[in-house]
Each structure stands twice: as C-alpha cells, then as structure tokens.
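One structure is given below, encoded as structure tokens.
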Amino acid sequence: MQANLTERVLRGLYSAALYLLVPVTLYHLVWRGFRQRAYLQRWDERYASYPQAMPVAPLWLHAVSVGEVNAAAPLVNRLRALRPDLQLVVTTITPTGSERVRALWGDAVIHVYLPYDLPGAVGRFLEHFHPALALIVETELWPNLLFGCRDRGIPTYILNARLSARSLRGYRVLGPLIRRALGSVHRVAAQSEDDARRFLELGALPERMQVTGNLKFDMATVDTGGFVDEFQAALGTVRPVWIAASTHEDEEAAVLAAHRTLRGSHPGALLLWAPRHPERFRAAVQGARDAGFTVASRSEEGWPSADTGVFVIDTLGELLRFYACAQVAFVGGSLQAIGGHNLLEPAATGTAILSGPHLHNFADIARRLREAGAMRIVADAPALAAALRTLFDDAGARRQLADNAARLLEAGRGALARTLSMIEPALPARIS
C-alpha cells in the first residue's frame with residue numbers, strides 16, 4: 001500500500017509539473033517552427049488529438065528521430081515480413097524522423113508524432129491505437145508512457161537500449177520515479193554490457209535485462225546502384241572527395257577551415273557537406289560562399305561540377321549513397337560535446353572514418369572501431385585538415401581503415417536475430 005501511495009504521489013508531482021510546462025511546449029514548437037516549418041504542423045498529434053479515424057495498430061514502435069528510425073529499419077522490415085497481418089504504428093518526435101519513416105515505408109505503416117508525456121495525452125494515444133505490444137528504441141524513458149502501458153497490460157520492450165553516463169546522471173534527477181517506471185518494462189535489450197550496467201543502476205530489473213548487441217550492425221547492405229557513377233560523371237575528373245556528415249552549428253567553422261587548409265595541398269579537393277539539421281542547410285550554403293568557395297547544392301544544382309569546391313547535401317535520405325561517393329568521412333556531433341552520430345554508416349560504404357573526440361553517445365561502437373584500427377580521432381580543425389591530407393596522400397592507409405571497419409561491421413551482426421527471438425513470443429496471436 002505504501003509503495004502504491006509513493007508511486008501515486010511521485011506521478012502526481014511529475015504530471016503536475018508537466019502540465020505547468022505546457023505553455024513552454026507551445027513556445028518550443030513555435031520557436032523550432034521559425035527554423036523548420038514542419039514544427040508548426042500537426043500539433044494535434046503532439047497532444048494525442050486525432051480528428052481522423054485511424055485503424056487499431058497491434059504493434060507500436062517508437063524511434064525518436066532519423067538515427068533511431070534507421071537503426072530500427074531492419075527490425076521493422078523483418079516484422080512486416082513475419083507478420084503482414086499486423087498493422088504497425090511508428091512514432092517519432094522530430095519532423096526529420098517523420099520524413100524518414102515516410103521515405104522507408106510510405107503508407108504501409110501509420111506514422112504520428114509521439115504525444116508529450118502528459119497523462120491525458122498518453123491515455124488518448126494508447127486508447128486510440130490499442131497496441132498489444134510496445135517497442136521503444138534506444139533511450140526514451142517517459143514515466144507516464146511506461147506506466148500507461150503497464151496499467152493497460154501492454155508489454156513494453158526497450159530495444160537497442162543505450163544509456164550514456166551523461167544520460168544516467170540526467171535521469172537520476174527523477175530517480176525514484178524512473179526506477180518504478182523501469183520496473184514496469186517487460187525487457188531491456190541493451191546494446192552493450194556498459195549500457196546494461198547503467199540501466200541496472202537506474203532501476204531496471206536484472207531478470208529482465210539482456211545484452212543483445214547493437215541493431216546498427218545489422219544495417220542492410222548499401223545499394224548505390226548507378227549513384228556513384230552519376231556522381232563521378234558530373235565531376236568529370238577524379239578528385240579527392242571527403243564528406244562532413246551530421247555536423248552541428250558550432251562545427252561548421254571548423255569544417256570550412258579544414259577544407260580551406262586541405263585545398264592548400266590538394267587544390268582539387270571537394271567537400272560534400274551534410275548538416276545534421278535541415279534548418280542549417282541554407283546557413284551551410286551561405287557560409288561556404290562567404291568563405292570564398294564555389295558552392296552547389298543537391299536541391300538546386302543536383303550534382304557538383306568540375307569547379308565546385310563545396311557541395312551541400314540539403315536533402316534527406318541520401319546520406320549513405322553520398323558516403324559511398326567519398327574517400328574519407330568525418331562524422332559530426334563529435335568536435336563539440338554532442339556525443340557523436342552513427343559511425344557505422346560510412347563503414348558500410350567502404351569509406352575511411354574520422355571523428356572528433358566527443359563520442360559518449362556511441363561509446364561502445366567508437367571503442368570497438370578504435371581497437372580495430374578502423375577510425376581516427378581528430379581534436380580540432382587543424383587536426384582534421386592534417387588527417388585528411390595524410391589519408392589522401394596514402395591510399396593504402398585509407399583502404400586499411402575501410403577494410404578494418406567492414407570486418408568489424410560484419411563481425412558485429414546478430415543483434416537483429418537476438419532481438420526478434422526475444423520479442424516474437426510476445427507478438428499477438430494470428431487471427432484464424
């Protein structure tokens with residue numbers, strides 16, 4: 001009785017704070033909308049108001065944004081093949097995640113934004129779709145959502161679960177509540193032993209913890225088709241090509257400075273630049289022009305030409321194919337304390353990998369890549385320029401980095417099979 005009372009008090013205090021913050025959520029949507037207009041649309045979904053009828057969806061998978069959607073894609077594809085009779089709803093938080101869902105599956109799955117963790121919104125969402133199984137990808141620990149699933153008898157699985165030391169400290173602010181919410185989770189499928197240990201510290205139950213590995217290793221083989229050939233034909237000549245992918249605002253000056261230095265020794269070098277957030281696309285184009293480079297973009301010119309110095313990839317869903325066009329890839333979110341982004345995508349395309357030192361979001365993958373001699377770390381713009389120059393001068397070193405990464409990627413596969421084996425018994429029964 002006391003435990004139930006404590007939970008009710010904690011949930012009540014947490015929910016009251018969220019209701020007080022509702023005006024802040026509106027301000028956030030408006031503020032983000034000035035930078036990315038998609039945030040001004042579909043507000044009803046963020047509060048679980050659905051004016052149009054939608055079918056019941058026995059399977060529900062939540063993936064925050066593009067990275068999580070990509071990680072979950074092999075699982076979703078396998079589930080759809082295994083159980084085509086089950087309607088699937090996929091939720092995201094960001095518009096770019098929404099666009100990625102549409103690009104991968106179109107209308108074959110239902111997509112809505114995950115509602116804010118308000119008790120009423122969570123209840124409306126769950127009552128609307130009536131999921132029989134909840135699959136949450138990576139790190140989304142929303143107490144009211146987890147309690148809502150428990151109270152309705154919906155088994156909840158946290159898949160490809162990761163928890164950095166920084167995230168662990170953040171969640172500990174709500175420690176007693178999070179511990180109770182995690183206790184309602186049917187299974188936590190952790191990426192690594194370190195992730196499992198942190199989830200246990202946060203309150204996950206040991207008997208419900210399993211290390212399954214990282215789904216990102218099970219990404220499908222990249223089919224570039226004639227994409228690379230078209231790219232090379234547009235260039236008209238063989239040039240040193242590198243890509244700066246998933247960069248953040250505070251890294252943009254470093255990217256341009258490194259490219260300027262590189263062109264001092266390799267005048268024909270071409271930078272393919274893919275900012276992480278769509279609202280930075282225009283700024284990247286303008287910044288490169290202000291730095292004196294001849295600039296083209298995917299949306300305007302389509303391809304770089306012989307005199308292009310910087311080519312901005314201002315479209316979504318094409319990053320993997322552009323990785324395949326480059327000899328060296330710098331993966332952003334790592335020169336500043338963002339925590340890094342997916343290092344296995346360039347590995348899948350045979351591209352040598354460079355990264356900054358801030359990799360806490362991908363600590364296990366980064367450690368394994370470093371130990372395998374499959375990536376190099378750079379501290380700043382001069383170090384990035386020096387590493388690029390070294391690799392462009394040494395094709396053997398580039399090839400060794402790429403080959404080591406490819407072997408590591410192949411050796412790491414298996415998380416998909418282990419994850420499916422875990423959740424398949426919980427799938428709803430077939431209707432005869």
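Chain lettering (A, B, ...) mirrors the order of the structure tokens, residue numbering begins at 1 for each chain separately, and ligand numbering begins at 1 in order of display.
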Problem - helix (DSSP H, G or I) positions in range 179-419 of chain A, given as an MDAnalysis selection string - result: chainID A and resid 179:182 193:202 206:208 215:218 227:235 249:265 278:290 319:323 344:348 360:371 381:393 395:411 415:419
Practice task
Do a neighbour search on Arg263 in chain A at 12 Å with only C-alpha atoms, toss out local chain neighbours closer than 3 positions, and write the hits as a count of residues only.
Solution key: 23
Practice task
Do a neighbour search on range 91-106 of chain A at 10 Å with only C-alpha atoms, toss out local chain neighbours closer than 3 positions, and write the hits as a ChimeraX atom specification.
Solution key: /A:36-39,41-42,46,60-70,73,76-77,88,109-116,136,276-278,316-317
Just to be explicit: take each residue in the selection above, keep N, CA, C and O atoms, and write the result as a CSV table (one decimal), in the first residue's frame.
chain,number,residue,atom,x,y,z
A,36,GLN,N,12.4,25.5,-38.7
A,36,GLN,CA,12.0,24.3,-39.5
A,36,GLN,C,10.5,24.3,-39.5
A,36,GLN,O,9.9,23.9,-38.5
A,37,ARG,N,9.9,24.7,-40.6
A,37,ARG,CA,8.4,24.9,-40.6
A,37,ARG,C,7.6,23.7,-40.3
A,37,ARG,O,6.4,23.8,-39.9
A,38,ALA,N,8.1,22.5,-40.4
A,38,ALA,CA,7.4,21.3,-40.1
A,38,ALA,C,7.0,21.3,-38.6
A,38,ALA,O,6.0,20.6,-38.3
A,39,TYR,N,7.7,22.0,-37.8
A,39,TYR,CA,7.3,22.0,-36.4
A,39,TYR,C,6.0,22.8,-36.1
A,39,TYR,O,5.5,22.8,-35.1
A,41,GLN,N,3.4,22.3,-37.8
A,41,GLN,CA,2.3,21.5,-38.3
A,41,GLN,C,2.0,20.3,-37.4
A,41,GLN,O,2.9,19.9,-36.6
A,42,ARG,N,0.8,19.8,-37.5
A,42,ARG,CA,0.5,18.5,-36.8
A,42,ARG,C,0.6,18.6,-35.3
A,42,ARG,O,1.0,17.7,-34.6
A,46,ARG,N,0.8,15.9,-31.2
A,46,ARG,CA,1.7,16.0,-30.1
A,46,ARG,C,0.9,16.1,-28.7
A,46,ARG,O,1.5,15.9,-27.7
A,60,TRP,N,3.3,-1.3,-32.0
A,60,TRP,CA,3.7,0.1,-31.9
A,60,TRP,C,5.2,0.2,-31.6
A,60,TRP,O,5.7,-0.5,-30.7
A,61,LEU,N,5.9,0.9,-32.5
A,61,LEU,CA,7.4,1.1,-32.3
A,61,LEU,C,7.6,2.6,-32.3
A,61,LEU,O,7.1,3.4,-33.1
A,62,HIS,N,8.4,3.0,-31.3
A,62,HIS,CA,8.8,4.4,-31.2
A,62,HIS,C,10.3,4.6,-31.4
A,62,HIS,O,11.1,3.9,-30.8
A,63,ALA,N,10.6,5.5,-32.3
A,63,ALA,CA,12.0,5.9,-32.6
A,63,ALA,C,12.1,7.4,-32.7
A,63,ALA,O,11.4,8.0,-33.5
A,64,VAL,N,12.9,8.0,-31.9
A,64,VAL,CA,12.9,9.5,-31.7
A,64,VAL,C,13.1,10.2,-33.0
A,64,VAL,O,12.3,11.1,-33.4
A,65,SER,N,14.2,9.9,-33.8
A,65,SER,CA,14.5,10.7,-35.0
A,65,SER,C,15.1,9.8,-36.0
A,65,SER,O,15.0,8.6,-36.0
A,66,VAL,N,15.8,10.4,-36.9
A,66,VAL,CA,16.4,9.7,-38.1
A,66,VAL,C,17.3,8.5,-37.7
A,66,VAL,O,17.2,7.4,-38.2
A,67,GLY,N,18.2,8.8,-36.7
A,67,GLY,CA,19.1,7.8,-36.4
A,67,GLY,C,18.5,6.5,-35.8
A,67,GLY,O,18.8,5.4,-36.1
A,68,GLU,N,17.5,6.7,-34.9
A,68,GLU,CA,16.7,5.6,-34.3
A,68,GLU,C,15.9,4.9,-35.4
A,68,GLU,O,15.7,3.7,-35.3
A,69,VAL,N,15.3,5.7,-36.3
A,69,VAL,CA,14.5,5.1,-37.4
A,69,VAL,C,15.4,4.2,-38.2
A,69,VAL,O,15.0,3.0,-38.5
A,70,ASN,N,16.5,4.7,-38.6
A,70,ASN,CA,17.5,3.9,-39.4
A,70,ASN,C,17.9,2.6,-38.6
A,70,ASN,O,18.0,1.5,-39.2
A,73,ALA,N,15.1,0.1,-38.7
A,73,ALA,CA,14.6,-0.3,-40.0
A,73,ALA,C,14.7,-1.8,-40.3
A,73,ALA,O,13.7,-2.4,-40.8
A,76,VAL,N,11.9,-3.5,-38.3
A,76,VAL,CA,10.6,-3.2,-38.8
A,76,VAL,C,10.3,-4.0,-40.1
A,76,VAL,O,9.3,-4.6,-40.3
A,77,ASN,N,11.3,-4.0,-41.0
A,77,ASN,CA,11.2,-4.8,-42.2
A,77,ASN,C,11.0,-6.3,-41.9
A,77,ASN,O,10.1,-7.0,-42.6
A,88,LEU,N,1.1,-1.7,-38.1
A,88,LEU,CA,2.2,-1.1,-37.3
A,88,LEU,C,2.0,0.4,-37.3
A,88,LEU,O,1.9,1.0,-38.3
A,109,VAL,N,2.9,1.8,-43.1
A,109,VAL,CA,2.8,1.9,-41.7
A,109,VAL,C,2.1,3.2,-41.4
A,109,VAL,O,2.1,4.1,-42.2
A,110,ILE,N,1.5,3.3,-40.2
A,110,ILE,CA,0.9,4.5,-39.7
A,110,ILE,C,2.0,5.3,-39.0
A,110,ILE,O,2.9,4.7,-38.3
A,111,HIS,N,2.1,6.6,-39.3
A,111,HIS,CA,3.0,7.4,-38.5
A,111,HIS,C,2.3,8.6,-37.9
A,111,HIS,O,1.5,9.3,-38.5
A,112,VAL,N,2.5,8.8,-36.6
A,112,VAL,CA,2.1,10.0,-35.9
A,112,VAL,C,3.3,10.4,-35.0
A,112,VAL,O,4.2,9.6,-34.7
A,113,TYR,N,3.3,11.6,-34.5
A,113,TYR,CA,4.2,12.1,-33.5
A,113,TYR,C,3.9,11.5,-32.2
A,113,TYR,O,2.7,11.4,-31.8
A,114,LEU,N,4.9,11.1,-31.4
A,114,LEU,CA,4.6,10.7,-30.0
A,114,LEU,C,4.1,11.9,-29.2
A,114,LEU,O,4.7,12.9,-29.2
A,115,PRO,N,3.0,11.7,-28.5
A,115,PRO,CA,2.5,12.8,-27.7
A,115,PRO,C,3.4,13.1,-26.5
A,115,PRO,O,4.2,12.3,-26.1
A,116,TYR,N,3.3,14.4,-26.0
A,116,TYR,CA,4.0,14.7,-24.8
A,116,TYR,C,3.6,13.8,-23.6
A,116,TYR,O,2.5,13.3,-23.7
A,136,ILE,N,10.2,0.3,-27.9
A,136,ILE,CA,10.8,1.6,-27.7
A,136,ILE,C,12.3,1.5,-28.0
A,136,ILE,O,13.0,0.6,-27.5
A,276,ARG,N,23.5,18.3,-39.9
A,276,ARG,CA,22.6,17.4,-39.2
A,276,ARG,C,21.1,17.8,-39.3
A,276,ARG,O,20.2,17.0,-39.5
A,277,HIS,N,20.9,19.1,-39.2
A,277,HIS,CA,19.5,19.6,-39.1
A,277,HIS,C,19.1,20.4,-40.4
A,277,HIS,O,19.9,21.2,-40.8
A,278,PRO,N,18.0,20.2,-40.9
A,278,PRO,CA,17.6,20.9,-42.1
A,278,PRO,C,17.6,22.4,-42.0
A,278,PRO,O,17.8,23.1,-43.0
A,316,LEU,N,17.1,14.8,-47.6
A,316,LEU,CA,17.1,13.8,-46.6
A,316,LEU,C,17.1,12.4,-47.3
A,316,LEU,O,16.5,12.2,-48.4
A,317,GLY,N,17.7,11.4,-46.6
A,317,GLY,CA,17.6,10.1,-47.1
A,317,GLY,C,18.6,9.6,-48.1
A,317,GLY,O,18.6,8.5,-48.6
Fill in the blank from the handout: Students should find that CA of Phe125 in chain A and CA of Leu40 in chain A are spaced 20.3 Å
Practice task
May I ask which of the residues A:Cys149, A:Asn144, A:Asp218, A:Ser192 is the closest one to Arg367 in chain A, counting only C-alpha atoms?
Solution key: A:Ser192
Against range 203-208 of chain A, which residues of range 111-198 of chain A fall within 9 Å? For each one I want the closest pair of atoms and the distance in Å (one decimal), counting only C-alpha atoms, rows by chain and increasing residue number, as a Markdown table.
| residue | atom | partner | partner_atom | distance |
| --- | --- | --- | --- | --- |
| A:Gly175 | CA | A:Gly203 | CA | 8.2 |
| A:Pro176 | CA | A:Gly203 | CA | 8.6 |
| A:Ile178 | CA | A:Gly203 | CA | 7.2 |
| A:Arg179 | CA | A:Gly203 | CA | 4.3 |
| A:Arg180 | CA | A:Gly203 | CA | 7.3 |
| A:Ala181 | CA | A:Gly203 | CA | 8.5 |
| A:Leu182 | CA | A:Ala204 | CA | 5.2 |
| A:Gly183 | CA | A:Ala204 | CA | 5.8 |
| A:Ser184 | CA | A:Ala204 | CA | 8.8 |
| A:Val185 | CA | A:Ala204 | CA | 7.9 |
| A:His186 | CA | A:Arg208 | CA | 6.5 |
| A:Arg187 | CA | A:Arg208 | CA | 4.8 |
| A:Val188 | CA | A:Arg208 | CA | 6.2 |
| A:Ala189 | CA | A:Arg208 | CA | 8.6 |
| A:Ala196 | CA | A:Ala204 | CA | 8.8 |
| A:Arg198 | CA | A:Gly203 | CA | 8.7 |
Could you list, with a cut-off of 7 Å and counting only C-alpha atoms, the residues of range 345-373 of chain A near range 396-415 of chain A, each shown with its nearest atom pair and the distance in Å rounded to one decimal, rows sorted by chain and ascending number, as a tab-separated table?
residue	atom	partner	partner_atom	distance
A:Ala347	CA	A:Ala405	CA	5.3
A:Ala348	CA	A:Ala406	CA	6.4
A:Gly350	CA	A:Ala402	CA	5.1
A:Thr351	CA	A:Ala402	CA	5.5
A:Ala352	CA	A:Ala402	CA	4.8
A:Leu369	CA	A:Ala405	CA	6.7
A:Ala372	CA	A:Asn404	CA	6.3
A:Gly373	CA	A:Leu401	CA	6.4
Could you write out that same residue set with all heavy atoms as a CSV table (one decimal), in the first residue's frame?
chain,number,residue,atom,x,y,z
A,347,ALA,N,31.2,3.1,-42.5
A,347,ALA,CA,31.8,1.7,-42.5
A,347,ALA,C,31.1,0.8,-43.5
A,347,ALA,O,31.7,0.0,-44.2
A,347,ALA,CB,31.7,1.1,-41.1
A,348,ALA,N,29.8,1.0,-43.7
A,348,ALA,CA,29.0,0.2,-44.6
A,348,ALA,C,29.3,0.5,-46.0
A,348,ALA,O,28.9,-0.3,-46.9
A,348,ALA,CB,27.5,0.3,-44.3
A,350,GLY,N,32.4,1.5,-47.2
A,350,GLY,CA,33.8,1.4,-47.5
A,350,GLY,C,34.5,2.7,-47.5
A,350,GLY,O,35.5,2.9,-48.2
A,351,THR,N,34.1,3.7,-46.6
A,351,THR,CA,34.7,5.0,-46.5
A,351,THR,C,35.5,5.1,-45.3
A,351,THR,O,35.0,4.7,-44.2
A,351,THR,CB,33.6,6.1,-46.5
A,351,THR,OG1,32.7,5.8,-47.6
A,351,THR,CG2,34.2,7.5,-46.7
A,352,ALA,N,36.7,5.6,-45.4
A,352,ALA,CA,37.6,5.8,-44.2
A,352,ALA,C,36.9,6.8,-43.2
A,352,ALA,O,36.4,7.8,-43.7
A,352,ALA,CB,39.0,6.2,-44.6
A,369,LEU,N,35.7,0.4,-32.8
A,369,LEU,CA,36.3,0.9,-34.1
A,369,LEU,C,37.8,1.3,-33.8
A,369,LEU,O,38.7,1.0,-34.6
A,369,LEU,CB,35.6,2.1,-34.6
A,369,LEU,CG,34.2,1.8,-35.3
A,369,LEU,CD1,33.4,3.0,-35.6
A,369,LEU,CD2,34.5,1.1,-36.7
A,372,ALA,N,39.9,-1.7,-33.4
A,372,ALA,CA,40.1,-2.5,-34.6
A,372,ALA,C,41.0,-1.7,-35.6
A,372,ALA,O,41.2,-2.2,-36.7
A,372,ALA,CB,38.8,-2.8,-35.2
A,373,GLY,N,41.4,-0.5,-35.3
A,373,GLY,CA,42.2,0.3,-36.2
A,373,GLY,C,41.3,0.7,-37.4
A,373,GLY,O,41.8,0.7,-38.6
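When CA of Thr390 in chain A is paired with CA of Ala329 in chain A, their separation reads 13.5 Å.
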Problem - Residue with smallest distance to Gly333 in chain A - pool A:Pro275, A:Gly292, A:Pro346, A:Pro74, counting only C-alpha atoms - result: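 Among the listed residues, the smallest separation from Gly333 in chain A belongs to A:Pro275.
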How close does range 152-251 of chain A get to range 299-308 of chain A? List, as CSV, each residue of range 152-251 of chain A within 10 Å, its nearest atom pair and the distance in Å to one decimal, counting only C-alpha atoms.
residue,atom,partner,partner_atom,distance
A:Glu230,CA,A:Trp303,CA,8.5
A:Phe231,CA,A:Trp303,CA,6.6
A:Gln232,CA,A:Pro304,CA,9.2
A:Ala233,CA,A:Ser305,CA,9.1
A:Ala234,CA,A:Ser305,CA,5.6
A:Leu235,CA,A:Ser305,CA,4.8
A:Gly236,CA,A:Ala306,CA,6.2
A:Thr237,CA,A:Ala306,CA,7.1
A:Val238,CA,A:Ala306,CA,9.6
A:Arg239,CA,A:Ala306,CA,9.0
Practice task
With a distance cut-off of 10 Å and only C-alpha atoms, select the neighbouring residues of Ala379 in chain A, excluding the residue or stretch itself and same-chain residues fewer than 2 positions from it, and output the selection as a list in words.
Solution key: Ser334, Leu335, Gln336, Ser355, Gly356, Pro357, His358, Ile377, Ala381, Pro382, Ala383 and Leu384 of chain A
Can you spit out the residues from that selection as a PDB file, in the first residue's frame, using N, CA, C and O atoms?
ATOM      1  N   SER A 334      30.786  15.547 -32.946  1.00  0.00           N
ATOM      2  CA  SER A 334      31.894  14.969 -32.183  1.00  0.00           C
ATOM      3  C   SER A 334      33.017  15.958 -31.888  1.00  0.00           C
ATOM      4  O   SER A 334      33.855  15.689 -31.020  1.00  0.00           O
ATOM      5  N   LEU A 335      33.057  17.084 -32.588  1.00  0.00           N
ATOM      6  CA  LEU A 335      34.016  18.130 -32.243  1.00  0.00           C
ATOM      7  C   LEU A 335      33.489  18.984 -31.098  1.00  0.00           C
ATOM      8  O   LEU A 335      34.263  19.642 -30.407  1.00  0.00           O
ATOM      9  N   GLN A 336      32.176  19.015 -30.916  1.00  0.00           N
ATOM     10  CA  GLN A 336      31.572  19.639 -29.754  1.00  0.00           C
ATOM     11  C   GLN A 336      30.879  18.548 -28.947  1.00  0.00           C
ATOM     12  O   GLN A 336      30.705  17.427 -29.429  1.00  0.00           O
ATOM     13  N   SER A 355      36.649  11.146 -36.819  1.00  0.00           N
ATOM     14  CA  SER A 355      35.675  11.655 -35.860  1.00  0.00           C
ATOM     15  C   SER A 355      36.367  12.563 -34.868  1.00  0.00           C
ATOM     16  O   SER A 355      37.579  12.430 -34.631  1.00  0.00           O
ATOM     17  N   GLY A 356      35.597  13.461 -34.271  1.00  0.00           N
ATOM     18  CA  GLY A 356      36.082  14.223 -33.146  1.00  0.00           C
ATOM     19  C   GLY A 356      36.111  13.364 -31.896  1.00  0.00           C
ATOM     20  O   GLY A 356      35.716  12.192 -31.908  1.00  0.00           O
ATOM     21  N   PRO A 357      36.543  13.938 -30.761  1.00  0.00           N
ATOM     22  CA  PRO A 357      36.731  13.134 -29.541  1.00  0.00           C
ATOM     23  C   PRO A 357      35.482  12.915 -28.707  1.00  0.00           C
ATOM     24  O   PRO A 357      35.485  12.081 -27.806  1.00  0.00           O
ATOM     25  N   HIS A 358      34.397  13.659 -28.966  1.00  0.00           N
ATOM     26  CA  HIS A 358      33.202  13.582 -28.119  1.00  0.00           C
ATOM     27  C   HIS A 358      32.258  12.514 -28.663  1.00  0.00           C
ATOM     28  O   HIS A 358      31.468  12.761 -29.577  1.00  0.00           O
ATOM     29  N   ILE A 377      40.789   9.641 -34.638  1.00  0.00           N
ATOM     30  CA  ILE A 377      40.198  10.732 -33.874  1.00  0.00           C
ATOM     31  C   ILE A 377      40.989  12.010 -34.128  1.00  0.00           C
ATOM     32  O   ILE A 377      42.225  12.001 -34.113  1.00  0.00           O
ATOM     33  N   ALA A 381      39.986  21.646 -35.955  1.00  0.00           N
ATOM     34  CA  ALA A 381      40.078  21.871 -37.399  1.00  0.00           C
ATOM     35  C   ALA A 381      41.467  21.597 -37.964  1.00  0.00           C
ATOM     36  O   ALA A 381      41.598  20.924 -39.002  1.00  0.00           O
ATOM     37  N   PRO A 382      42.563  22.090 -37.336  1.00  0.00           N
ATOM     38  CA  PRO A 382      43.886  21.772 -37.885  1.00  0.00           C
ATOM     39  C   PRO A 382      44.168  20.265 -37.917  1.00  0.00           C
ATOM     40  O   PRO A 382      44.755  19.759 -38.882  1.00  0.00           O
ATOM     41  N   ALA A 383      43.739  19.560 -36.862  1.00  0.00           N
ATOM     42  CA  ALA A 383      43.967  18.114 -36.836  1.00  0.00           C
ATOM     43  C   ALA A 383      43.129  17.415 -37.899  1.00  0.00           C
ATOM     44  O   ALA A 383      43.573  16.432 -38.513  1.00  0.00           O
ATOM     45  N   LEU A 384      41.923  17.903 -38.125  1.00  0.00           N
ATOM     46  CA  LEU A 384      41.077  17.335 -39.180  1.00  0.00           C
ATOM     47  C   LEU A 384      41.732  17.541 -40.541  1.00  0.00           C
ATOM     48  O   LEU A 384      41.794  16.605 -41.362  1.00  0.00           O
TER      49      LEU A 384
END
Practice task
Go ahead and compute the interatomic distance for CA of Leu145 in chain A and CA of Arg197 in chain A, in Å to one decimal.
Solution key: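 It comes out at 23.1 Å.
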Problem - Residue set, range 116-217 of chain A restricted to strand (DSSP E or B), as a list of chain:residue names - result: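 Across range 116-217 of chain A, those assigned strand (DSSP E or B) are A:Leu133, A:Ala134, A:Leu135, A:Ile136, A:Val137, A:Thr156, A:Tyr157, A:Ile158, A:Leu159, A:Asn160, A:Ala161, A:Arg187, A:Val188, A:Ala189, A:Ala190, A:Met209, A:Gln210, A:Val211.
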Problem - Residue with smallest distance to Val331 in chain A - pool A:Ala245, A:Ala48, A:Leu319, A:Leu13, counting only C-alpha atoms - result: A:Ala245
Problem - Shell of 8 Å around Arg35 in chain A, only C-alpha atoms, local chain residues under 3 positions omitted, as a list in words - result: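 The contact residues come out as Trp31, Arg32 and Glu279 of chain A.
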Residues just named, written with C-alpha atoms as a short mmCIF file (atom, residue, chain, number, x, y, z; two decimals), in the first residue's frame:
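Once written, part_16.cif looks like this:
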data_model
loop_
_atom_site.label_atom_id
_atom_site.label_comp_id
_atom_site.auth_asym_id
_atom_site.auth_seq_id
_atom_site.Cartn_x
_atom_site.Cartn_y
_atom_site.Cartn_z
CA TRP A 31 10.49 28.63 -31.85
CA ARG A 32 11.53 25.49 -33.70
CA GLU A 279 17.35 24.37 -40.69
#
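Minimum distance to Ala363 in chain A across A:Thr156, A:Ser421, A:Ser246, A:Asn342 (counting only C-alpha atoms) occurs at A:Asn342.
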